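Remarks on the structure that follows.
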Amino acid sequence: MAGQELIEQDIHEQQLTRVVVAACSPHLHEKTFRGVCERSGMNPYLSEMASIREHVAWVHTDKVAATAKAKAIVSGTVERVLKNDPLEAIRVPIDAQTLVVGGGIAGIQAALEVAEAGYDVYLIEREASLGGHMAQFDKTFPTLDCAACILTPKMASAGAHPKVHLFTWSEVEKVEGFVGNYTVTVKKKPRYVDEDICTGCGICVEKCPVLVVDDKFEAGIGYRKAIYWPFAQAVPNLPVLDTETCTYYIGGKGGCRACEKFCPTVPNSIKFDQKEERVTLKVGNIILATGWDLFNARRIPQYGYGRLANVFTNLELERMCNAAGPTGGKVVLRDGQTAPKRVGIVHCVGSRDRNYNRHCSAICCMQSLKTAHLVKERTGAEVYNFYIDIRTPGKEYDEFYQRVLDDGVHFVRGKVAEISDIPFDPAEASRNGAGTLYIQVEDTLAGMQRRIPVDMVVLAAGLEPRRDSSEVGKTFGIACSSNGWFIEKHAKMDPIATMTEGVFVAGCAGGPKDIPASVSQGSAAAARVLNYIRQGELALEPVRASVLEERCSGCRICNGLCPFNAISFIEERKVTEINAALCQGCGTCVAACPAGAIQGTGFSNEQLFAQIEGLLRDVNRSHEPEVV
Amino acid sequence: MSALDNTNTFEPVIIGFTCNWCSYRAADLAGTSRIKYPPNVRLIRVMCSGRIDPTFVLKALSDGADGVMIAGCHPGECHYLEQNYKALRRHRLLQKTLAQFGIEPARVRLTWASAAEGALFAQEIATMVDEVKQLGPLNWPARPVPVGSVPAEIPVLSEVGA
Amino acid sequence: MSKPKFAMYWAAACGGCEIAVLNIDEKVLDLDANFEVAFWPAAMDVKYKDVEAMEDASILVTLFNGSIRTDENEHMARLLRRKSRILVAFGSCANEGCIPGLANLSSRESLFERVYQANATSPSTENPNNLRPQASSQVPEGTLTLPPLQAVIRTLDQVVEVDYHVPGCPPESRQIAAVLDALIAVVKGEAELPPKGAVLGAGNSTVCDECARKRDVKQIGKISRIQELPPLATDVCLLEQGLMCAGPATRSGCDSRCPNVGAPCIGCYGAAPGVLDQGARLMTAIASVVDANEPDAIDRVLDGIPDPAGSFYRFSLAHSLLRANRAALAEKP
Ligand SMILES: Cc1cc2nc3c(=O)[nH]c(=O)nc-3n(C[C@H](O)[C@H](O)[C@H](O)COP(=O)(O)OP(=O)(O)OC[C@H]3O[C@@H](n4cnc5c(N)ncnc54)[C@H](O)[C@@H]3O)c2cc1C
Ligand code: SF4
Ligand code: SF4
Ligand code: SF4
Ligand code: FES
């Protein structure tokens, strides 16, 4: 008979009221055995697991000591389970509306999936258009299909979908409530253009006399006006006015107003007095798809970015390769016309480097191969890729690598030490011509130092967490790892959910990934949300804290301790209250309350004291000499 | 005493409080990876290191443990955002207080281990066990229990010197 | 019908409890009216041998104040336990060791050294011949004996079974009066005895509950002593003004006397109901709200508590989980 059946049988025959399973870690089978108890008519929380496999059998060699430890663990668990209370899951209704934060490819995908299922989605994008980083690219690896061709239709359907309610140029300011029942305050920044009237004709942009460097979409290598479209295929198709560069605003609201003068709509779409707005939304679930920021290549001074004109970032190259970009798709040096004859591409810039980020950015190898291919294709230049390891684990990825090898791109295995425009000696200078950049690298395969002269360098800057990820995390009540990526509930088994019920993470917000993985996560997050919506009601683990009102003195020690805002002070009665649906059961307030007024259901002091006693049962105690 | 000195036969008993999300999982991982470490630490799982009350530590020590390990997620990585900082604060104050009771700092060790750091967790345990071995048993005397309400024999006063 | 017998005894304590009982004013007459005072050394002359001669369980109720520091204290605790139907641990010393209990942080030997050793750290010691008290000494009149000091202080319930607890250093007179009223009601058959082990004459929450000061969310950036601070606001929580107030972790019942007059609570009513270790509660509460996350920054705040054991366990050390310093516990009795 299988173990589970045996337990069921014993529960029935022996009329058991508590069960301890001494076996593997509760992380593996706690649910299983709770299920067994439930099926046998017992409250599932009256069972516990004692981990004697992972924590004893597999890690100790001294059999006698290991057996003693296993007995102690069982004894502790038995003592603890005796103090367990029968618990009931907490049930909360799920609001069918969903919030998606971040309109990159992951967020768009998530929003569309939920909307297609027939539920309302609020899609909040901080920038003036949907699209995220993908909108900046020319081609996407490994298939080299044009990014715009696959992204624009998605953006358009999100923009047009009756169930997707778009808030661009907006940010989430405050989140209150809990799974199924969040109240979200969204701040809409003024774009100074009336969304309802503007037809998107673009005359204002054409007439605006101010030209400024666009360091956002064009990555600093192109221009935009003071009133501008984020980019040609922007969704929504509305311009936005930048008050920091607009002559009218710089002049203290005087002069220019060309945009207003030429706007053909009646009434006029330009609204210089537009104000920030706040909108309150009710949602049941939240998907965070806030993406990534590019590593700042200036942080590695020896690579010369920002100092040496012809050192570029990968993102600049993406714009350069793009037919709609500033150079019309031509790969040229900083002078805007000369095609490079020799190009060096440096992998892992700021990634896998203990001075910057230890993580692998996951996409730069493929992105650098893509860049190599495009540069070669467009300029016929000699291309050198400098890599530490080539990582091409995706579908068709290694095939693409082979293709680039076949293109005749040179690969040098070694971490670039320095990029310099100073020749060793006049001979080197005359050999290579003025303006040459020298890449100094140890070729670890050839076992020698090399110095490769090039005209252009492309740095494969890595992906980093958003600079504001920890504040954003706080707003939504979820944690970031020490390097800033949002932490998933379980890295392997639950990579979409977070510790806060009803908040999910998709795309690069949780760590570096490519577009296919980001899209999959967008869909996965939507599936999780749809699952909750279809259930209509969610059963939450009853492991929660609660305040015994007659014990609470209202000292307010606990009031600032809960990261989920579950604790509030009732001014009239001068006592503290805990909202069970918001509480995530960490127990910090329980351990802090000086009056012992906070009870931890499922992790009570009584349970823990009993477990301590059980664990120490076999310890031989000396007695205080004075007590005979 | 050096590690090579095998005259030290004392095997300490240490209670380890581990958080559900990182350190307990690190112990799980040490298990699945079959990393060997000394059998002296007995773990208790709590949801977060923020749940760990100094009372637990005092109780364990006064109930016969030779040391207590407190383990949580790395600072900034707590699954409940920043509760391990509360564990850190409590640990610092507890250490200060324990010094006045004559309890050496090495007996109450705070350590951080992520779910991926099974080897590190095993190493932490080995180090702590070693340190507590060097210190010797704590052997805190059991709390005195009152003798029955009517003692069998009460010595006469002159015998107790009054 | 003869009146039930009442006793009160003063072990290792300051005497404040005795005065607190007298402070109940004319209520003391009710005591006399309803009880026969059988033994109360501070109030009347009865010899120990008279108590020894009493029949077991012949005293209805004994209020025992003071902790157990000497063999004499222990003897009397056992004796009175045997003679009393109801033994009440009265006041902080009997319940949790109180200020005398702080001596548990030092070994007996080091205490003697500090108090009697010439050139010791205590500036008030004047003892050129290094005389030490002896358990017995010869004088022309005969042999003199002193009860020997035990290694550590114990509370009454660590020595004998205790029926009820009345906390406080000393217990508030209003509360004493209420406890006596309740006892008299029991004697008159008008009320039932509370369940064994009950804490009488105290509240069920902590001092903040009775404190009139306004409280806010707490974040402690610095802890000071009262003399280091500018005049304090009279209506704001003292903890929030940078003082170590034990109010949050101390049982209510005192009407928050100290905080109400601007002095922080020092913890004399002991732990809140159900709490195992008062000092740990205060320690965890204060640490939890320290406004720093880096070890050094945390330590800078905590440096404001130079004597943590003394601050957290000022009254409850002897009854705490650890009870005493390791060296003190290791001493021979
Ligand atoms: C140079 C380069 C080339 C690449 N090329 C390829 C390729 O060819 N193929 C491939 O598969 N992958 C490629 N990648 C990887 C690709 O960029 C990512 O996989 C993809 O962008 C991830 O999408 P996302 O939606 O998670 O994030 P993002 O694209 O970063 O989108 C996030 C969106 O959220 C918005 N946002 C952020 N914070 C907030 C907030 N607080 N509130 C509201 N909105 C917010 C942002 O404005 C943005 O629109 C490349 C990466 C780089 C650096
Ligand atoms: S810490 Fe405890 S006593 Fe103080 S307010 Fe919170 S629940 Fe009440
Ligand atoms: S246990 Fe307390 S601190 Fe933790 S989530 Fe619940 S209410 Fe918040
Ligand atoms: S002053 Fe003391 S007793 Fe009063 S509220 Fe503040 S902490 Fe509590
Ligand atoms: S969950 Fe691990 S320390 Fe908080």
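Chain labels run A, B, ... following the order of the structure tokens; each chain numbers its residues from 1, and ligands are numbered from 1 in the order shown.
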* At most 7 Å from ligand 1 (only C-alpha atoms and all ligand atoms): residue list as a PyMOL selection string -> chain A and resi 101-107+124-127+130-134+137+139-142+170-172+289-294+314-315+318+363-364+367+461-463+466+472+506-509+513-516+518
* To do: Up to 9 Å from chain C, what residues of chain A turn up? Count only C-alpha atoms and give them as a VMD selection string.
  => chain A and resid 550 to 561 574 to 575 588 to 589 591 to 597 624 to 627
* To do: Check every residue of chain B for an atom within 8 Å of chain A, counting only C-alpha atoms, and provide those that qualify as a ChimeraX atom specification.
  => /B:13,15,27-32,34-40,42-44,46-53,56,59-60,63-65,74-83,86,139-144
Would you write out those residues with C-alpha atoms, as a CSV table (one decimal), in the first residue's frame?
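Output contents, as saved in out-v7.csv:
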```csv
chain,number,residue,atom,x,y,z
B,13,VAL,CA,23.9,21.1,20.1
B,15,ILE,CA,19.4,25.3,17.2
B,27,ALA,CA,19.7,23.7,3.7
B,28,ASP,CA,17.4,21.8,1.3
B,29,LEU,CA,19.8,22.5,-1.5
B,30,ALA,CA,22.8,21.3,0.6
B,31,GLY,CA,20.8,18.2,1.0
B,32,THR,CA,19.9,17.6,-2.7
B,34,ARG,CA,24.7,15.9,-0.9
B,35,ILE,CA,27.0,18.4,0.7
B,36,LYS,CA,28.3,17.1,4.0
B,37,TYR,CA,28.4,19.1,7.1
B,38,PRO,CA,28.4,18.4,10.9
B,39,PRO,CA,25.1,17.1,12.4
B,40,ASN,CA,25.1,19.5,15.3
B,42,ARG,CA,18.9,21.4,14.4
B,43,LEU,CA,16.7,23.6,12.2
B,44,ILE,CA,13.5,25.3,12.9
B,46,VAL,CA,10.0,30.2,10.3
B,47,MET,CA,8.5,32.2,7.5
B,48,CYS,CA,11.1,35.0,7.8
B,49,SER,CA,14.0,36.0,9.9
B,50,GLY,CA,11.8,38.8,11.1
B,51,ARG,CA,9.8,36.3,13.0
B,52,ILE,CA,12.7,35.4,15.2
B,53,ASP,CA,12.2,36.7,18.6
B,56,PHE,CA,13.4,32.0,21.1
B,59,LYS,CA,14.8,29.9,25.5
B,60,ALA,CA,17.0,27.7,23.3
B,63,ASP,CA,16.9,25.0,27.6
B,64,GLY,CA,20.3,23.4,26.9
B,65,ALA,CA,21.5,24.5,23.5
B,74,HIS,CA,20.7,38.4,2.3
B,75,PRO,CA,20.1,42.0,3.2
B,76,GLY,CA,17.9,43.5,0.5
B,77,GLU,CA,16.6,40.1,-0.5
B,78,CYS,CA,14.1,39.3,2.2
B,79,HIS,CA,10.9,38.0,0.6
B,80,TYR,CA,9.0,40.3,2.8
B,81,LEU,CA,11.2,43.2,1.6
B,82,GLU,CA,13.1,44.4,4.6
B,83,GLN,CA,12.3,42.2,7.6
B,86,LYS,CA,14.8,43.8,11.8
B,139,ASN,CA,25.3,23.9,29.8
B,140,TRP,CA,23.0,26.6,31.2
B,141,PRO,CA,21.5,25.3,34.4
B,142,ALA,CA,17.9,24.4,34.2
B,143,ARG,CA,15.4,26.8,35.7
B,144,PRO,CA,14.8,25.9,39.4
```
* To do: Write down, as a VMD selection string, each residue of chain C that has any atom within 8 Å of an atom of chain B, counting only C-alpha atoms.
  => chain C and resid 48 to 49 71 to 72 75 78 to 79 81 to 82 105 135 to 136 145 to 148 157 to 161 276 to 277 280 to 281 283 to 284 287 to 290 293 295 298 to 299 302 307 to 309 321 to 322 324 to 327 329
Selection from above, N, CA and C atoms, as a compact mmCIF listing (two decimals), in the first residue's frame, can you write it?
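File written: out.txt
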```
# COMPACT_ATOMS: atom_id res chain seq x y z
N TYR C 48 10.15 33.54 64.91
CA TYR C 48 10.11 32.47 63.92
C TYR C 48 9.62 31.17 64.56
N LYS C 49 10.10 30.94 65.80
CA LYS C 49 9.75 29.65 66.41
C LYS C 49 8.25 29.56 66.68
N ASP C 71 19.91 31.93 52.98
CA ASP C 71 19.33 30.69 53.48
C ASP C 71 18.13 30.99 54.38
N GLU C 72 18.21 32.11 55.06
CA GLU C 72 17.09 32.49 55.92
C GLU C 72 15.84 32.76 55.08
N HIS C 75 14.46 29.50 53.97
CA HIS C 75 13.82 28.80 55.08
C HIS C 75 12.43 29.37 55.32
N ARG C 78 9.91 28.42 52.66
CA ARG C 78 9.40 27.04 52.79
C ARG C 78 8.48 26.93 53.99
N LEU C 79 8.90 27.58 55.06
CA LEU C 79 8.10 27.53 56.28
C LEU C 79 6.71 28.12 56.02
N ARG C 81 5.23 28.67 53.28
CA ARG C 81 4.47 27.87 52.32
C ARG C 81 3.70 26.77 53.06
N ARG C 82 4.42 26.15 53.97
CA ARG C 82 3.83 25.02 54.67
C ARG C 82 2.72 25.46 55.62
N LEU C 105 23.73 39.62 37.89
CA LEU C 105 24.67 39.86 36.79
C LEU C 105 26.12 39.75 37.27
N ALA C 135 29.67 33.65 58.35
CA ALA C 135 28.46 32.92 58.70
C ALA C 135 28.37 32.73 60.22
N SER C 136 29.52 32.55 60.82
CA SER C 136 29.48 32.50 62.28
C SER C 136 30.75 33.10 62.85
N THR C 145 25.67 34.29 64.46
CA THR C 145 25.54 33.70 63.12
C THR C 145 24.82 34.66 62.18
N LEU C 146 25.17 34.55 60.94
CA LEU C 146 24.50 35.31 59.88
C LEU C 146 24.03 34.32 58.82
N PRO C 147 22.86 34.52 58.25
CA PRO C 147 22.45 33.60 57.19
C PRO C 147 23.32 33.77 55.96
N PRO C 148 23.89 32.69 55.43
CA PRO C 148 24.77 32.82 54.27
C PRO C 148 24.01 33.28 53.02
N ASP C 157 8.54 31.95 43.43
CA ASP C 157 7.99 30.78 42.74
C ASP C 157 9.06 29.86 42.18
N GLN C 158 10.33 30.25 42.30
CA GLN C 158 11.39 29.31 41.92
C GLN C 158 11.76 28.44 43.12
N VAL C 159 11.19 28.76 44.29
CA VAL C 159 11.55 28.04 45.50
C VAL C 159 10.38 27.23 46.02
N VAL C 160 9.23 27.85 46.04
CA VAL C 160 8.02 27.12 46.48
C VAL C 160 6.88 27.45 45.54
N GLU C 161 5.83 26.67 45.63
CA GLU C 161 4.66 26.95 44.81
C GLU C 161 3.96 28.20 45.31
N LEU C 276 6.88 35.36 28.40
CA LEU C 276 7.86 34.52 29.06
C LEU C 276 9.02 35.33 29.64
N ASP C 277 9.38 36.40 28.96
CA ASP C 277 10.61 37.09 29.33
C ASP C 277 10.42 38.58 29.01
N ALA C 280 13.25 40.45 27.05
CA ALA C 280 13.32 40.11 25.62
C ALA C 280 12.28 40.90 24.84
N ARG C 281 11.13 41.10 25.45
CA ARG C 281 10.07 41.84 24.75
C ARG C 281 10.48 43.30 24.54
N MET C 283 13.52 44.43 24.55
CA MET C 283 14.69 44.41 23.66
C MET C 283 14.24 44.31 22.20
N THR C 284 13.35 43.39 21.91
CA THR C 284 12.95 43.19 20.52
C THR C 284 12.16 44.39 20.02
N ALA C 287 14.71 47.27 19.41
CA ALA C 287 15.55 46.96 18.26
C ALA C 287 14.76 47.05 16.96
N SER C 288 13.51 46.58 17.00
CA SER C 288 12.73 46.55 15.76
C SER C 288 12.52 47.93 15.18
N VAL C 289 12.47 48.94 16.03
CA VAL C 289 12.18 50.28 15.51
C VAL C 289 13.41 51.17 15.44
N VAL C 290 14.59 50.57 15.56
CA VAL C 290 15.81 51.36 15.37
C VAL C 290 15.86 51.81 13.91
N ASN C 293 19.84 50.49 9.13
CA ASN C 293 19.91 49.16 8.55
C ASN C 293 21.33 48.62 8.45
N PRO C 295 24.99 47.65 10.01
CA PRO C 295 25.46 47.27 11.35
C PRO C 295 26.04 48.44 12.16
N ILE C 298 23.36 50.88 13.16
CA ILE C 298 22.51 50.29 14.20
C ILE C 298 23.23 50.40 15.54
N ASP C 299 24.51 50.05 15.54
CA ASP C 299 25.27 50.11 16.80
C ASP C 299 25.32 51.51 17.37
N LEU C 302 22.23 51.94 19.19
CA LEU C 302 22.18 51.08 20.37
C LEU C 302 23.19 51.49 21.44
N ASP C 307 23.78 49.89 29.22
CA ASP C 307 23.62 48.72 30.09
C ASP C 307 22.33 48.00 29.68
N PRO C 308 22.38 47.30 28.54
CA PRO C 308 21.13 46.71 28.05
C PRO C 308 20.48 45.73 29.04
N ALA C 309 21.28 44.85 29.64
CA ALA C 309 20.67 43.88 30.56
C ALA C 309 19.98 44.62 31.70
N LEU C 321 14.52 34.21 31.40
CA LEU C 321 14.91 32.88 30.94
C LEU C 321 16.33 32.52 31.37
N LEU C 322 17.21 33.50 31.32
CA LEU C 322 18.60 33.20 31.69
C LEU C 322 18.84 33.36 33.18
N ALA C 324 20.51 34.82 35.32
CA ALA C 324 21.73 35.31 35.95
C ALA C 324 22.90 35.18 34.99
N ASN C 325 23.92 35.87 35.33
CA ASN C 325 25.17 35.74 34.60
C ASN C 325 25.71 34.31 34.78
N ARG C 326 26.42 33.87 33.75
CA ARG C 326 26.90 32.50 33.75
C ARG C 326 27.83 32.20 34.94
N ALA C 327 28.69 33.15 35.24
CA ALA C 327 29.64 32.94 36.34
C ALA C 327 28.89 32.83 37.66
N LEU C 329 25.84 31.76 38.09
CA LEU C 329 25.12 30.48 38.14
C LEU C 329 26.06 29.33 38.43
```
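CA of Arg323 in chain C sits 28.3 Å away from CA of Val21 in chain C.
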* Residues within 6 Å of Ser224 in chain C, only C-alpha atoms, excluding chain neighbours under 2 positions, as a VMD selection string -> chain C and resid 242 to 243 304
* To do: Can you check which residues of range 59-221 of chain A DSSP gives as strand (DSSP E) on the backbone and send them as number ranges by chain?
  => A: 90-93, 98-101, 121-124, 139-140, 145-146, 164-167, 170-178, 181-188, 211-214
Let's have the selection written as a compact mmCIF listing (two decimals), in the first residue's frame, with N, CA and C atoms.
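So result15.txt came out as:
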```
# COMPACT_ATOMS: atom_id res chain seq x y z
N ILE A 90 -8.35 31.72 4.15
CA ILE A 90 -9.04 33.01 4.09
C ILE A 90 -9.54 33.20 2.65
N ARG A 91 -10.83 33.48 2.47
CA ARG A 91 -11.36 33.61 1.12
C ARG A 91 -11.56 35.07 0.75
N VAL A 92 -11.02 35.44 -0.41
CA VAL A 92 -11.21 36.83 -0.88
C VAL A 92 -11.74 36.80 -2.31
N PRO A 93 -12.71 37.69 -2.61
CA PRO A 93 -13.23 37.77 -3.98
C PRO A 93 -12.22 38.46 -4.89
N THR A 98 -7.72 44.15 -14.41
CA THR A 98 -6.30 43.88 -14.20
C THR A 98 -5.47 45.11 -14.54
N LEU A 99 -4.40 45.28 -13.78
CA LEU A 99 -3.48 46.38 -14.05
C LEU A 99 -2.19 45.79 -14.63
N VAL A 100 -1.74 46.36 -15.76
CA VAL A 100 -0.44 45.96 -16.29
C VAL A 100 0.43 47.20 -16.27
N VAL A 101 1.60 47.11 -15.67
CA VAL A 101 2.49 48.26 -15.57
C VAL A 101 3.68 48.03 -16.49
N VAL A 121 -8.44 45.60 -18.94
CA VAL A 121 -7.04 45.75 -18.53
C VAL A 121 -6.68 47.22 -18.57
N TYR A 122 -6.01 47.69 -17.55
CA TYR A 122 -5.44 49.03 -17.57
C TYR A 122 -3.95 48.87 -17.83
N LEU A 123 -3.49 49.44 -18.91
CA LEU A 123 -2.07 49.32 -19.27
C LEU A 123 -1.41 50.67 -19.02
N ILE A 124 -0.48 50.69 -18.07
CA ILE A 124 0.15 51.95 -17.67
C ILE A 124 1.56 52.00 -18.23
N LYS A 139 16.51 44.93 -36.41
CA LYS A 139 16.15 43.54 -36.66
C LYS A 139 16.24 42.79 -35.33
N THR A 140 15.56 41.68 -35.25
CA THR A 140 15.67 40.89 -34.03
C THR A 140 16.30 39.54 -34.34
N ASP A 145 13.95 39.16 -38.34
CA ASP A 145 12.79 39.87 -38.84
C ASP A 145 12.78 41.26 -38.22
N CYS A 146 12.17 42.16 -38.95
CA CYS A 146 12.26 43.55 -38.54
C CYS A 146 11.41 43.76 -37.30
N VAL A 164 -8.64 47.12 -23.56
CA VAL A 164 -7.38 47.64 -23.04
C VAL A 164 -7.53 49.15 -22.85
N HIS A 165 -7.39 49.59 -21.64
CA HIS A 165 -7.51 51.02 -21.35
C HIS A 165 -6.11 51.55 -21.13
N LEU A 166 -5.69 52.35 -22.09
CA LEU A 166 -4.29 52.76 -22.16
C LEU A 166 -4.05 54.03 -21.36
N PHE A 167 -3.02 54.03 -20.54
CA PHE A 167 -2.57 55.26 -19.87
C PHE A 167 -1.09 55.41 -20.18
N SER A 170 2.17 58.05 -18.01
CA SER A 170 1.52 57.91 -16.70
C SER A 170 2.34 56.98 -15.81
N GLU A 171 2.15 57.14 -14.52
CA GLU A 171 2.84 56.26 -13.59
C GLU A 171 1.94 55.90 -12.43
N VAL A 172 2.20 54.76 -11.83
CA VAL A 172 1.42 54.37 -10.65
C VAL A 172 2.04 55.03 -9.43
N GLU A 173 1.18 55.71 -8.70
CA GLU A 173 1.69 56.46 -7.56
C GLU A 173 1.48 55.72 -6.25
N LYS A 174 0.33 55.06 -6.17
CA LYS A 174 0.00 54.42 -4.89
C LYS A 174 -0.80 53.16 -5.15
N VAL A 175 -0.52 52.14 -4.34
CA VAL A 175 -1.29 50.89 -4.43
C VAL A 175 -1.77 50.55 -3.03
N GLU A 176 -3.08 50.38 -2.90
CA GLU A 176 -3.62 49.98 -1.60
C GLU A 176 -4.44 48.72 -1.81
N GLY A 177 -4.66 47.99 -0.73
CA GLY A 177 -5.49 46.80 -0.82
C GLY A 177 -4.68 45.54 -0.96
N PHE A 178 -5.34 44.49 -1.40
CA PHE A 178 -4.71 43.19 -1.44
C PHE A 178 -5.27 42.42 -2.61
N ASN A 181 -8.46 42.91 -4.78
CA ASN A 181 -9.11 44.12 -4.34
C ASN A 181 -8.10 45.25 -4.15
N TYR A 182 -7.39 45.56 -5.22
CA TYR A 182 -6.41 46.65 -5.13
C TYR A 182 -7.03 47.97 -5.58
N THR A 183 -6.65 49.04 -4.92
CA THR A 183 -7.02 50.37 -5.37
C THR A 183 -5.73 51.07 -5.78
N VAL A 184 -5.68 51.49 -7.03
CA VAL A 184 -4.43 52.00 -7.59
C VAL A 184 -4.63 53.46 -8.01
N THR A 185 -3.69 54.30 -7.58
CA THR A 185 -3.76 55.69 -8.01
C THR A 185 -2.73 55.90 -9.12
N VAL A 186 -3.22 56.35 -10.27
CA VAL A 186 -2.34 56.57 -11.42
C VAL A 186 -2.18 58.07 -11.64
N LYS A 187 -0.92 58.46 -11.83
CA LYS A 187 -0.64 59.87 -12.12
C LYS A 187 -0.46 60.03 -13.62
N LYS A 188 -1.31 60.86 -14.23
CA LYS A 188 -1.16 61.14 -15.66
C LYS A 188 -0.42 62.44 -15.80
N LEU A 211 15.07 72.10 -32.07
CA LEU A 211 15.57 70.76 -32.34
C LEU A 211 16.49 70.37 -31.19
N VAL A 212 16.21 69.24 -30.55
CA VAL A 212 17.09 68.82 -29.44
C VAL A 212 17.51 67.37 -29.64
N VAL A 213 18.61 67.03 -28.98
CA VAL A 213 19.09 65.65 -29.06
C VAL A 213 18.10 64.75 -28.35
N ASP A 214 17.74 63.65 -28.99
CA ASP A 214 16.82 62.69 -28.38
C ASP A 214 17.63 61.59 -27.73
```
* Where in range 7-200 of chain C does DSSP assign helix (DSSP H, G or I), given as a VMD selection string? -> chain C and resid 16 to 22 27 to 34 48 to 53 71 to 83 91 to 96 98 to 105 108 to 116 156 to 158 173 to 187
Write the residues of the preceding selection, restricted to C-alpha atoms, as a tab-separated table (two decimals), in the first residue's frame.
```
chain	number	residue	atom	x	y	z
C	16	GLY	CA	8.64	49.52	50.24
C	17	CYS	CA	6.01	46.82	49.95
C	18	GLU	CA	5.37	47.00	53.69
C	19	ILE	CA	4.94	50.74	53.48
C	20	ALA	CA	2.65	50.38	50.48
C	21	VAL	CA	0.39	48.15	52.54
C	22	LEU	CA	0.27	50.73	55.29
C	27	LYS	CA	-8.47	50.07	54.70
C	28	VAL	CA	-5.96	48.54	57.05
C	29	LEU	CA	-8.73	48.56	59.64
C	30	ASP	CA	-10.79	46.28	57.39
C	31	LEU	CA	-7.82	43.96	57.37
C	32	ASP	CA	-7.81	43.93	61.12
C	33	ALA	CA	-11.56	43.53	61.29
C	34	ASN	CA	-11.58	40.46	59.07
C	48	TYR	CA	10.11	32.47	63.92
C	49	LYS	CA	9.75	29.65	66.41
C	50	ASP	CA	6.16	30.73	67.02
C	51	VAL	CA	5.50	30.28	63.34
C	52	GLU	CA	7.25	26.94	63.34
C	53	ALA	CA	4.97	25.90	66.13
C	71	ASP	CA	19.33	30.69	53.48
C	72	GLU	CA	17.09	32.49	55.92
C	73	ASN	CA	14.90	33.78	53.08
C	74	GLU	CA	14.62	30.28	51.72
C	75	HIS	CA	13.82	28.80	55.08
C	76	MET	CA	11.05	31.31	55.64
C	77	ALA	CA	9.66	30.77	52.17
C	78	ARG	CA	9.40	27.04	52.79
C	79	LEU	CA	8.10	27.53	56.28
C	80	LEU	CA	5.41	30.01	55.27
C	81	ARG	CA	4.47	27.87	52.32
C	82	ARG	CA	3.83	25.02	54.67
C	83	LYS	CA	1.89	27.11	57.13
C	91	GLY	CA	5.62	42.95	44.95
C	92	SER	CA	8.27	42.83	42.32
C	93	CYS	CA	11.02	41.19	44.44
C	94	ALA	CA	8.98	38.13	45.28
C	95	ASN	CA	7.65	37.87	41.74
C	96	GLU	CA	10.64	38.57	39.57
C	98	CYS	CA	13.35	43.28	41.24
C	99	ILE	CA	16.37	45.52	41.83
C	100	PRO	CA	18.09	43.01	44.17
C	101	GLY	CA	17.86	40.56	41.29
C	102	LEU	CA	20.25	42.71	39.27
C	103	ALA	CA	22.95	41.34	41.54
C	104	ASN	CA	22.57	38.17	39.45
C	105	LEU	CA	24.67	39.86	36.79
C	108	ARG	CA	28.74	36.53	44.72
C	109	GLU	CA	32.49	36.81	45.07
C	110	SER	CA	32.65	39.91	42.94
C	111	LEU	CA	29.80	41.45	44.92
C	112	PHE	CA	31.68	40.92	48.17
C	113	GLU	CA	34.75	42.33	46.58
C	114	ARG	CA	33.02	45.45	45.46
C	115	VAL	CA	31.29	46.04	48.77
C	116	TYR	CA	33.98	45.03	51.27
C	156	LEU	CA	9.54	33.01	45.40
C	157	ASP	CA	7.99	30.78	42.74
C	158	GLN	CA	11.39	29.31	41.92
C	173	SER	CA	-1.95	51.13	47.20
C	174	ARG	CA	-5.18	51.39	45.23
C	175	GLN	CA	-4.50	47.94	43.83
C	176	ILE	CA	-3.55	46.51	47.25
C	177	ALA	CA	-6.80	47.79	48.65
C	178	ALA	CA	-8.69	46.15	45.81
C	179	VAL	CA	-6.90	42.82	46.38
C	180	LEU	CA	-7.69	42.95	50.10
C	181	ASP	CA	-11.33	43.77	49.36
C	182	ALA	CA	-11.50	40.77	47.06
C	183	LEU	CA	-9.93	38.54	49.74
C	184	ILE	CA	-12.36	39.79	52.36
C	185	ALA	CA	-15.23	39.08	49.99
C	186	VAL	CA	-13.95	35.51	49.68
C	187	VAL	CA	-13.66	35.17	53.46
```
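The space between atom 5 (S, counted along the ligand's line) of ligand 2 and CA of Ile220 in chain C spans 15.6 Å.
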